[in-house]
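Here is the structure we will look at, set down as structure tokens.
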Amino acid sequence: MKLHIYTLALDAMPYLAQQLDVFEKLKIEWHWHVMEGVADSVLDTSWVKKILPRFSIDGTSEFINARLMEHDRVSVYRKQLWHGKVEMCNAAIMSIKEPCVLMQVDADEFWTPDQLEKIVSLFDETQYDSMRFFCRYFIGKEIVTVGENSYGNNPGEWHRAWRFKPGMSQEKHEPPILAGCGKNCMSREQTREQGLVFNHYAYATEAQVAFKERYYGYENAVAHWRRLQQNTAWPVKLQEFLPWVDVNAMADKI
Amino acid sequence: MITAILIATGRLDRLNESVASFLTQNYSGECELIIANTCVRQTLKFNDKRVKILNIKMQALPMRAKAIALEQANGDTIVMWSELDYYLPDFLSSVEAGISDVDWCFFENEFLLSGKNPTHSKATELSFAFKKKLLDGVQFKAGINGASDRNFIAEATAKFEGRRLNQDSQHTYVVRIGTLEERERVKPTIRSGLIELTPFARNDYSVLNEGGDFSGRQDGVCVVELGRYGDIINILPFLQMIAERHGPPHLMVSQEFATLLEGVSYVKPFITTLKNEELGQALEIARRSFKIVINAQIWGKGWQQQRLTKAYNVESWRNCGILHLFDNNDLLPLFDKRDLERERKLVDSVKKDGRPMLLVNVSAAISSPCEHCKILLEEISSVWGSDYQIIDLSTVRAERLYDFLTLFNESAMLVCIDTAFLHLAASTSIPIVPITNSKEWAGTVVRGNGAMPAIGYNQVKDNPKSIHEAIAQGFACGGKEMPKLELIERVKAGRIFHCVERHEERDQATLNRKLPAWESWDVLYRSRKLIPAHYWKYRRTADKEVGDTRPLPFLKDLFEFAMNQMRNNDILMWTNDDNPIHPEVADYIRFHVSVYGVCTSFRSEFNSRMPSFSMPPHQFDLGSAKHMGRDIFAATKFWLMEKWNEIPDFIIGCSDFDLCLAALVRNQYGIETTNRNISELMFPAEIQRGYVAHLYHQSHWSRPGYENTAPGQKHNRRLFREWAAMYCPALVFNESDTLK
């Protein structure tokens, strides 16, 4: 089956460019759908702060103009203000006219080409309707969360791949629910056995943290994050540095 | 399997469209359409295994017909399929996906198409789908005007689990055609007996989901020139320009003159039964049919034509926006679909001996007849007849006017009064002695390399023998070398970058004014007709560079930011950050910049609410106030690079830079800007109003204490004055560098 990937992009540099490098190494058929713009804080993401309508201001727009707009394997969908992330995702999802493997790959979520090819082959070889995954959740350049049922890898997270048929649509974005898709989900433990754990650079750079401080309303997130970067004794209870995480969350240096 | 149930009531046109929408579904699974025909006088027939027709030969209520159809249904999923409406190709596959794990589903949104205006509307009973097993627990009961369906839906949704689809309205698959009142007006067709269905969609409804236009107007360009022949030949170079630079245009032409277009490959005839004098009606039809309409015609019943040039045919070029090219003898009428065999036969039929041919037409003319010119034939024969075979063109008949071209090319000279031959001869090398109407503006200015100075009708009247001197001069000059006339495949304009300065907006009132503008841009960004080039991080600012109080960006920095992302043939389209733009602006700018090169646009200024962009630009502009500010500037990167050093280093957010750009653009077209005409629309330097709008507010730069004293203001005005001194000396400034 062909692989269709969709990615929401707002101030997504440098990751967006790196994603293209990964996808261009794929040996399977693929198509990447990139949706740029602000998602209005409505529906399941109504808790995030309002951002005025705009495109990216960190070079993402220019990268999209230069590299993606005319790329044969890329479709770009642009609005300065979308009616929530569900609308963004559905702009891409509903344009897919063939049965395929559908993946949500956020700009900061990195797979290797081999992993992506493996995911597609697993869908070809099994009857699973979707897949969940574990990730290495980066909260600094070389700092990751530790633990399987806490911040970074909570149960139910990282539902990222689906067996797609035309007509399906996203019902909810967080967590992603694809209406019409079956419920036979390959668990994250099973996918991990297949070597399918991705790198999630969620708070890897200060610019990302600053954006999330504004967007999610995490007070003083940048200051907290800087303190974490300066820490020297590992592992640590993450809540001592990032107050919005759960009490069980741990962080370690890799 | 999905079974769609359609209750037919004799509305055949709509039924055919509805069936077409079923047959074009992209659903890959099994599906069938059962048509329960309740119109007893019609026996429907259609040969397609997906469509089953039940001609119910008794008066049956829709509910009864539905029951009969349901009994025949093979699908485990049932969809009610409306006779009057249209289902987009993704409908059934969406139903299949939406209902897979539940017992019913329906779509939250539909398109409501009233006239040509599509709107989103909440769902009705049209899109309800259910599992057939529901019928064990819920029954259709009698009801009128859809009450039967609605009651069924209410009961089914209360008793069983289901799903509402497409809550975001972005992807809507049901097109409800007509309001309730409009639907009631759709009456059964008179036809009776055996009727074979002919499924056919009258419109391309798929554009509805692509944010496309549904006005029924075509994307192409239509030039209006109804005729006569000479007038059409006169503008062939313009039509060729459009074809080469943008794509083949349509030419709206009266049917009596349409055969001329069989000789050209680069024009699509849009033939009308209107007479050539019915210009007003023709323009109305053209504007209803095409998004871009250029009127080349300068005459018509009741038509008021500005006469700003020396002759009607020059005026036609002005209408087309190519007045500055009139003397360019590389732009000559091209007939590239000639029948050379037919032309040879014509030559053979008139050529009598070995003498060179001298072609004369001094009698046949309709628009500009010349009674006293007729004597010239005898006059010319008497002097030149021994050396030349004198051929009276008025007696020669050809199948097509352009069949004369070989004859012209093989003849020694053409002496001709004001007729289409004068225009046609411009595409050959034949020396031409034109005898033209002496009435002001009515005489043809003859184009082409072989044209000698014209003799006026009056001159012939006063001194018929003057013709001999003109002929002798013509022979002395001989035929000049012709440029190669051919259709050239030119590099087309590329992408359009919407180049706009952006900054954080903290004032809520300003934000409220700007939001509609940004929404209007999104329509074009989504359809990829515009590519955003939003300039947020200024390289230089007015506060640091010239000591202004505001950190305003510089125009050339903004342009450079966009140009760095562009290829040479891409188009830069600048607007301010508060300009709503018409959805058709991208198509128009692409056409205009491709064909002409560069433009600016006045804005349509509104004091409070703007009209809807669903109306065409010329109608959108009707209620607006006129404003001299230019709020669009568009050019290719190539043009900008060529002119880069001529563009002053203006500051955005201060005044006057737009006026300088307007004057710069006008120079391109040989239009001199004066204090008087700077606020007038001069096509093609300025495009028609209606493509860019603005909601009135007091400009920051015009506030007291700022306008004449702020460093940014003084900077821009000084630059404009200095630029004008060099490039536009007719502009007069006062001591504070403002236009008088």
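In the structure tokens, each chain is lettered A, B, ... as it comes, each chain's residues begin at 1, and ligands are numbered from 1 in order of appearance.
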Test item: residues at most 10 Å from A:Leu68, only C-alpha atoms, excluding those fewer than 6 positions along its chain, as a PyMOL selection string | chain A and resi 17+20+32-34+61-62+74-76
For stretch 84-96 of chain A, please output as a ChimeraX atom specification all residues within 7 Å (counting only C-alpha atoms; exclusion window: fewer than 3 positions along the same chain).
-> /A:6,33,35,39-43,166-167,169-173 /B:168
At most 6 Å to chain B: residues in chain A, only C-alpha atoms, as a list in words |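 Taking only C-alpha atoms into account, Tyr77, Arg78, Lys79, Gly167, Met168 and Gly180 of chain A sit within 6 Å of chain B.
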Now that the selection is made, can you save its residues with N, CA, C and O atoms as an mmCIF file, in the first residue's frame?
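Full text of part.cif as output:
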```
data_model
loop_
_atom_site.group_PDB
_atom_site.id
_atom_site.type_symbol
_atom_site.label_atom_id
_atom_site.label_comp_id
_atom_site.auth_asym_id
_atom_site.auth_seq_id
_atom_site.Cartn_x
_atom_site.Cartn_y
_atom_site.Cartn_z
ATOM 1 N N TYR A 77 -1.550 22.589 1.980
ATOM 2 C CA TYR A 77 -2.864 23.179 2.250
ATOM 3 C C TYR A 77 -2.619 24.373 3.162
ATOM 4 O O TYR A 77 -2.008 24.221 4.222
ATOM 5 N N ARG A 78 -3.084 25.535 2.729
ATOM 6 C CA ARG A 78 -2.744 26.724 3.518
ATOM 7 C C ARG A 78 -3.954 27.574 3.842
ATOM 8 O O ARG A 78 -4.761 27.896 2.961
ATOM 9 N N LYS A 79 -4.061 27.912 5.095
ATOM 10 C CA LYS A 79 -5.006 28.938 5.543
ATOM 11 C C LYS A 79 -4.336 29.591 6.735
ATOM 12 O O LYS A 79 -3.700 28.903 7.535
ATOM 13 N N GLY A 167 -13.015 8.299 2.275
ATOM 14 C CA GLY A 167 -14.273 8.560 2.954
ATOM 15 C C GLY A 167 -14.099 8.675 4.460
ATOM 16 O O GLY A 167 -14.925 9.257 5.148
ATOM 17 N N MET A 168 -13.003 8.104 4.982
ATOM 18 C CA MET A 168 -12.761 8.266 6.423
ATOM 19 C C MET A 168 -12.388 9.710 6.706
ATOM 20 O O MET A 168 -11.859 10.407 5.847
ATOM 21 N N GLY A 180 -14.713 5.775 10.998
ATOM 22 C CA GLY A 180 -14.852 4.762 9.955
ATOM 23 C C GLY A 180 -13.758 3.730 9.978
ATOM 24 O O GLY A 180 -13.840 2.713 9.284
#
```
For stretch 344-348 of chain B, please output as a ChimeraX atom specification all residues within 8 Å (counting only C-alpha atoms; exclusion window: fewer than 6 positions along the same chain).
-> /B:398,403-404,406-407
Near-stretch 323-328 of chain B list (9 Å; only C-alpha atoms; drop same-chain fewer than 4 positions) as a VMD selection string = chain B and resid 314 to 319 332 447 to 448 668 to 671
The selected residues should be written to file as a short mmCIF file (atom, residue, chain, number, x, y, z; two decimals), in the first residue's frame (atoms: N, CA, C and O atoms).
```
data_model
loop_
_atom_site.label_atom_id
_atom_site.label_comp_id
_atom_site.auth_asym_id
_atom_site.auth_seq_id
_atom_site.Cartn_x
_atom_site.Cartn_y
_atom_site.Cartn_z
N VAL B 314 -7.13 52.62 -34.37
CA VAL B 314 -6.13 52.88 -33.32
C VAL B 314 -6.84 52.83 -31.97
O VAL B 314 -6.33 52.28 -30.98
N GLU B 315 -8.07 53.38 -31.97
CA GLU B 315 -8.87 53.39 -30.74
C GLU B 315 -9.14 51.96 -30.27
O GLU B 315 -9.15 51.68 -29.07
N SER B 316 -9.35 51.09 -31.21
CA SER B 316 -9.59 49.68 -30.86
C SER B 316 -8.36 49.10 -30.16
O SER B 316 -8.49 48.36 -29.18
N TRP B 317 -7.19 49.47 -30.64
CA TRP B 317 -5.95 49.02 -29.97
C TRP B 317 -5.85 49.64 -28.58
O TRP B 317 -5.37 49.00 -27.65
N ARG B 318 -6.33 50.87 -28.46
CA ARG B 318 -6.32 51.50 -27.13
C ARG B 318 -7.26 50.74 -26.19
O ARG B 318 -6.93 50.45 -25.04
N ASN B 319 -8.44 50.41 -26.71
CA ASN B 319 -9.37 49.61 -25.89
C ASN B 319 -8.71 48.33 -25.41
O ASN B 319 -8.94 47.87 -24.30
N LEU B 332 1.70 41.94 -36.71
CA LEU B 332 0.82 42.02 -37.88
C LEU B 332 -0.16 40.84 -37.86
O LEU B 332 0.13 39.82 -37.21
N ARG B 447 -1.78 49.68 -41.32
CA ARG B 447 -0.59 49.11 -40.72
C ARG B 447 0.12 48.23 -41.77
O ARG B 447 -0.38 48.00 -42.84
N GLY B 448 1.28 47.77 -41.44
CA GLY B 448 2.00 46.86 -42.33
C GLY B 448 3.17 47.56 -42.98
O GLY B 448 3.22 48.79 -43.09
N GLN B 668 5.65 52.65 -18.65
CA GLN B 668 5.82 51.41 -19.41
C GLN B 668 4.93 51.39 -20.65
O GLN B 668 5.28 50.84 -21.67
N TYR B 669 3.76 51.99 -20.51
CA TYR B 669 2.78 51.98 -21.60
C TYR B 669 2.76 53.29 -22.38
O TYR B 669 1.82 53.54 -23.15
N GLY B 670 3.74 54.11 -22.15
CA GLY B 670 3.80 55.38 -22.87
C GLY B 670 2.71 56.35 -22.43
O GLY B 670 2.33 57.24 -23.19
N ILE B 671 2.19 56.16 -21.23
CA ILE B 671 1.15 57.07 -20.72
C ILE B 671 1.82 58.07 -19.78
O ILE B 671 2.43 57.68 -18.79
#
```
Quick one: everything within 10 Å of B:Cys477, counting only C-alpha atoms, minus sequence neighbours fewer than 3 positions away in the same chain. Send it as a ChimeraX atom specification.
-> /B:431,450-452,471-474,480
Go ahead and write the residues just picked, N, CA and C atoms, as a PDB file, in the first residue's frame.
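Below is the file result_33.pdb, written as the result:
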```pdb
ATOM      1  N   PRO B 431       2.995  46.353 -51.602  1.00  0.00           N
ATOM      2  CA  PRO B 431       2.892  47.808 -51.412  1.00  0.00           C
ATOM      3  C   PRO B 431       1.407  48.207 -51.460  1.00  0.00           C
ATOM      4  N   GLY B 450       4.133  47.532 -46.084  1.00  0.00           N
ATOM      5  CA  GLY B 450       4.014  48.050 -47.441  1.00  0.00           C
ATOM      6  C   GLY B 450       3.140  49.291 -47.549  1.00  0.00           C
ATOM      7  N   ALA B 451       2.623  49.797 -46.424  1.00  0.00           N
ATOM      8  CA  ALA B 451       1.656  50.896 -46.498  1.00  0.00           C
ATOM      9  C   ALA B 451       2.323  52.216 -46.845  1.00  0.00           C
ATOM     10  N   MET B 452       1.786  52.856 -47.896  1.00  0.00           N
ATOM     11  CA  MET B 452       2.228  54.203 -48.264  1.00  0.00           C
ATOM     12  C   MET B 452       1.329  55.196 -47.524  1.00  0.00           C
ATOM     13  N   ILE B 471       0.839  55.952 -56.694  1.00  0.00           N
ATOM     14  CA  ILE B 471       1.197  54.623 -57.212  1.00  0.00           C
ATOM     15  C   ILE B 471       2.673  54.592 -57.609  1.00  0.00           C
ATOM     16  N   ALA B 472       3.109  55.634 -58.255  1.00  0.00           N
ATOM     17  CA  ALA B 472       4.517  55.699 -58.661  1.00  0.00           C
ATOM     18  C   ALA B 472       5.428  55.626 -57.443  1.00  0.00           C
ATOM     19  N   GLN B 473       5.040  56.330 -56.404  1.00  0.00           N
ATOM     20  CA  GLN B 473       5.839  56.297 -55.156  1.00  0.00           C
ATOM     21  C   GLN B 473       5.850  54.888 -54.569  1.00  0.00           C
ATOM     22  N   GLY B 474       4.700  54.257 -54.655  1.00  0.00           N
ATOM     23  CA  GLY B 474       4.588  52.899 -54.122  1.00  0.00           C
ATOM     24  C   GLY B 474       5.520  51.949 -54.861  1.00  0.00           C
ATOM     25  N   LYS B 480       8.419  45.914 -48.897  1.00  0.00           N
ATOM     26  CA  LYS B 480       9.455  45.820 -47.870  1.00  0.00           C
ATOM     27  C   LYS B 480       9.507  44.387 -47.333  1.00  0.00           C
TER      28      LYS B 480
END
```
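Interatomic distance, atom CA of B:Lys57 against atom CA of B:Thr38: 7.4 Å.
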Go through A:Leu3, A:Ala161, A:Val222, A:Leu16 and flag the residue nearest A:Gln208, using only C-alpha atoms for the distances.
-> A:Val222
What does the distance from atom CA of B:Glu17 to atom CA of B:Lys122 come to in Å, to one decimal?
->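 Those two atoms sit 22.3 Å apart.
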Helix (DSSP H, G or I) positions in stretch 592-691 of chain B, given as a PyMOL selection string = chain B and resi 592-595+617-623+637-646+657-668+677-679
Mind checking which residues fall within 7 Å of stretch 149-151 of chain A, counting only C-alpha atoms, ignoring those fewer than 6 positions away in the same chain, and posting them as a tab-separated table (two decimals) with N, CA, C and O atoms, in the first residue's frame?
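As a result, selection.tsv now contains:
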```
chain	number	residue	atom	x	y	z
A	245	VAL	N	4.04	18.67	34.17
A	245	VAL	CA	4.04	17.23	33.91
A	245	VAL	C	3.53	16.48	35.14
A	245	VAL	O	3.43	17.04	36.24
A	246	ASP	N	3.21	15.17	34.97
A	246	ASP	CA	2.66	14.41	36.09
A	246	ASP	C	3.76	14.04	37.07
A	246	ASP	O	4.95	14.06	36.75
A	248	ASN	N	4.75	11.30	38.29
A	248	ASN	CA	5.58	10.10	38.06
A	248	ASN	C	6.65	10.29	36.99
A	248	ASN	O	7.50	9.43	36.81
A	249	ALA	N	6.58	11.38	36.28
A	249	ALA	CA	7.47	11.54	35.13
A	249	ALA	C	8.93	11.68	35.58
A	249	ALA	O	9.23	12.42	36.51
```
Once DSSP has gone over the backbone, tell me which residues of stretch 236-370 of chain B are in strand (DSSP E), as a list in words.
->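 Taking stretch 236-370 of chain B and keeping strand (DSSP E) only, one gets His250, Leu251, Met252, Val253, Ser254, Lys268, Pro269, Phe270, Ile271, Thr272, Phe290, Lys291, Ile292, Val293, Ile294, Asn295, Met357, Leu358, Leu359, Val360 and Asn361 of chain B.
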Might you pull out every residue within 12 Å of stretch 334-337 of chain B, with only C-alpha atoms counted and same-chain residues fewer than 4 positions away left off, and present them as a PyMOL selection string?
-> chain B and resi 232-241+259-267+330+341-343+400-406+423-428+448+482-488
Could you write those residues out with N, CA and C atoms, as a compact mmCIF listing (two decimals), in the first residue's frame?
```
# COMPACT_ATOMS: atom_id res chain seq x y z
N ILE B 232 -12.00 42.90 -37.15
CA ILE B 232 -11.46 41.67 -36.53
C ILE B 232 -9.99 41.50 -36.91
N ILE B 233 -9.70 41.71 -38.21
CA ILE B 233 -8.30 41.55 -38.64
C ILE B 233 -7.42 42.55 -37.90
N ASN B 234 -7.95 43.73 -37.68
CA ASN B 234 -7.20 44.78 -36.99
C ASN B 234 -6.67 44.33 -35.63
N ILE B 235 -7.47 43.52 -34.93
CA ILE B 235 -7.05 43.12 -33.58
C ILE B 235 -6.46 41.72 -33.51
N LEU B 236 -6.26 41.09 -34.65
CA LEU B 236 -5.64 39.75 -34.60
C LEU B 236 -4.29 39.76 -33.88
N PRO B 237 -3.46 40.79 -34.07
CA PRO B 237 -2.18 40.78 -33.33
C PRO B 237 -2.38 40.74 -31.81
N PHE B 238 -3.43 41.40 -31.34
CA PHE B 238 -3.72 41.38 -29.90
C PHE B 238 -4.14 39.98 -29.46
N LEU B 239 -4.98 39.37 -30.27
CA LEU B 239 -5.43 38.01 -29.94
C LEU B 239 -4.25 37.05 -29.94
N GLN B 240 -3.33 37.27 -30.87
CA GLN B 240 -2.14 36.42 -30.92
C GLN B 240 -1.26 36.63 -29.67
N MET B 241 -1.17 37.90 -29.25
CA MET B 241 -0.40 38.20 -28.03
C MET B 241 -0.97 37.44 -26.84
N THR B 259 -16.57 33.25 -40.01
CA THR B 259 -15.76 32.37 -40.87
C THR B 259 -14.32 32.84 -40.97
N LEU B 260 -14.11 34.11 -40.73
CA LEU B 260 -12.74 34.63 -40.78
C LEU B 260 -11.83 33.87 -39.81
N LEU B 261 -12.41 33.45 -38.69
CA LEU B 261 -11.60 32.81 -37.65
C LEU B 261 -11.20 31.39 -38.02
N GLU B 262 -11.76 30.87 -39.12
CA GLU B 262 -11.29 29.56 -39.59
C GLU B 262 -9.86 29.64 -40.08
N GLY B 263 -9.39 30.84 -40.31
CA GLY B 263 -8.02 31.02 -40.82
C GLY B 263 -6.99 31.20 -39.73
N VAL B 264 -7.41 31.18 -38.47
CA VAL B 264 -6.44 31.33 -37.38
C VAL B 264 -6.60 30.21 -36.38
N SER B 265 -5.47 29.76 -35.83
CA SER B 265 -5.50 28.63 -34.90
C SER B 265 -5.58 29.09 -33.46
N TYR B 266 -5.29 30.34 -33.22
CA TYR B 266 -5.03 30.78 -31.85
C TYR B 266 -6.22 31.50 -31.20
N VAL B 267 -7.37 31.43 -31.84
CA VAL B 267 -8.57 32.09 -31.30
C VAL B 267 -9.70 31.07 -31.22
N ASP B 330 6.15 44.47 -36.18
CA ASP B 330 6.31 43.02 -36.00
C ASP B 330 4.98 42.40 -35.59
N GLU B 341 -4.06 25.75 -51.43
CA GLU B 341 -4.58 25.26 -52.72
C GLU B 341 -5.72 26.15 -53.21
N ARG B 342 -6.57 26.50 -52.28
CA ARG B 342 -7.69 27.38 -52.63
C ARG B 342 -7.18 28.75 -53.06
N GLU B 343 -6.16 29.22 -52.36
CA GLU B 343 -5.59 30.54 -52.69
C GLU B 343 -4.96 30.50 -54.09
N ARG B 400 -13.10 32.48 -48.62
CA ARG B 400 -12.80 33.16 -47.36
C ARG B 400 -12.00 34.41 -47.68
N LEU B 401 -12.16 35.41 -46.86
CA LEU B 401 -11.46 36.66 -47.13
C LEU B 401 -9.94 36.45 -47.18
N TYR B 402 -9.45 35.60 -46.27
CA TYR B 402 -8.00 35.42 -46.23
C TYR B 402 -7.47 34.60 -47.39
N ASP B 403 -8.36 34.11 -48.26
CA ASP B 403 -7.90 33.43 -49.47
C ASP B 403 -7.20 34.40 -50.42
N PHE B 404 -7.34 35.70 -50.18
CA PHE B 404 -6.69 36.70 -51.03
C PHE B 404 -5.19 36.84 -50.74
N LEU B 405 -4.72 36.19 -49.69
CA LEU B 405 -3.35 36.48 -49.25
C LEU B 405 -2.29 36.14 -50.31
N THR B 406 -2.44 35.00 -50.97
CA THR B 406 -1.45 34.65 -52.00
C THR B 406 -1.53 35.65 -53.15
N HIS B 423 -6.79 46.10 -44.11
CA HIS B 423 -6.32 45.42 -42.89
C HIS B 423 -5.65 44.09 -43.24
N LEU B 424 -6.25 43.39 -44.21
CA LEU B 424 -5.73 42.07 -44.58
C LEU B 424 -4.33 42.20 -45.21
N ALA B 425 -4.16 43.23 -46.03
CA ALA B 425 -2.89 43.39 -46.76
C ALA B 425 -1.73 43.61 -45.81
N ALA B 426 -2.03 44.04 -44.58
CA ALA B 426 -0.95 44.27 -43.61
C ALA B 426 -0.19 42.99 -43.29
N SER B 427 -0.79 41.86 -43.56
CA SER B 427 -0.05 40.63 -43.27
C SER B 427 0.69 40.10 -44.49
N THR B 428 0.83 40.94 -45.51
CA THR B 428 1.61 40.56 -46.69
C THR B 428 2.64 41.66 -46.97
N GLY B 448 1.28 47.77 -41.44
CA GLY B 448 2.00 46.86 -42.33
C GLY B 448 3.17 47.56 -42.98
N MET B 482 9.18 41.41 -44.98
CA MET B 482 8.19 41.13 -43.94
C MET B 482 8.85 40.41 -42.77
N PRO B 483 8.42 40.70 -41.56
CA PRO B 483 8.86 39.86 -40.44
C PRO B 483 8.21 38.48 -40.60
N LYS B 484 8.84 37.47 -40.03
CA LYS B 484 8.23 36.14 -40.12
C LYS B 484 7.02 36.10 -39.18
N LEU B 485 5.86 35.88 -39.78
CA LEU B 485 4.65 35.83 -38.96
C LEU B 485 4.39 34.39 -38.54
N GLU B 486 4.47 34.15 -37.28
CA GLU B 486 4.22 32.79 -36.79
C GLU B 486 3.82 32.86 -35.32
N LEU B 487 3.17 31.82 -34.89
CA LEU B 487 2.77 31.71 -33.49
C LEU B 487 3.99 31.23 -32.70
N ILE B 488 4.34 31.96 -31.67
CA ILE B 488 5.53 31.61 -30.90
C ILE B 488 5.11 31.11 -29.52
```
Which residue, A:Pro113, A:Gly140, A:Pro99, A:Gly147, has the smallest gap to A:His4 when you use only C-alpha atoms?
-> A:Pro99
Expressed in Å, the length from atom CA of B:Leu731 to atom CA of B:Thr673 is 6.8 Å
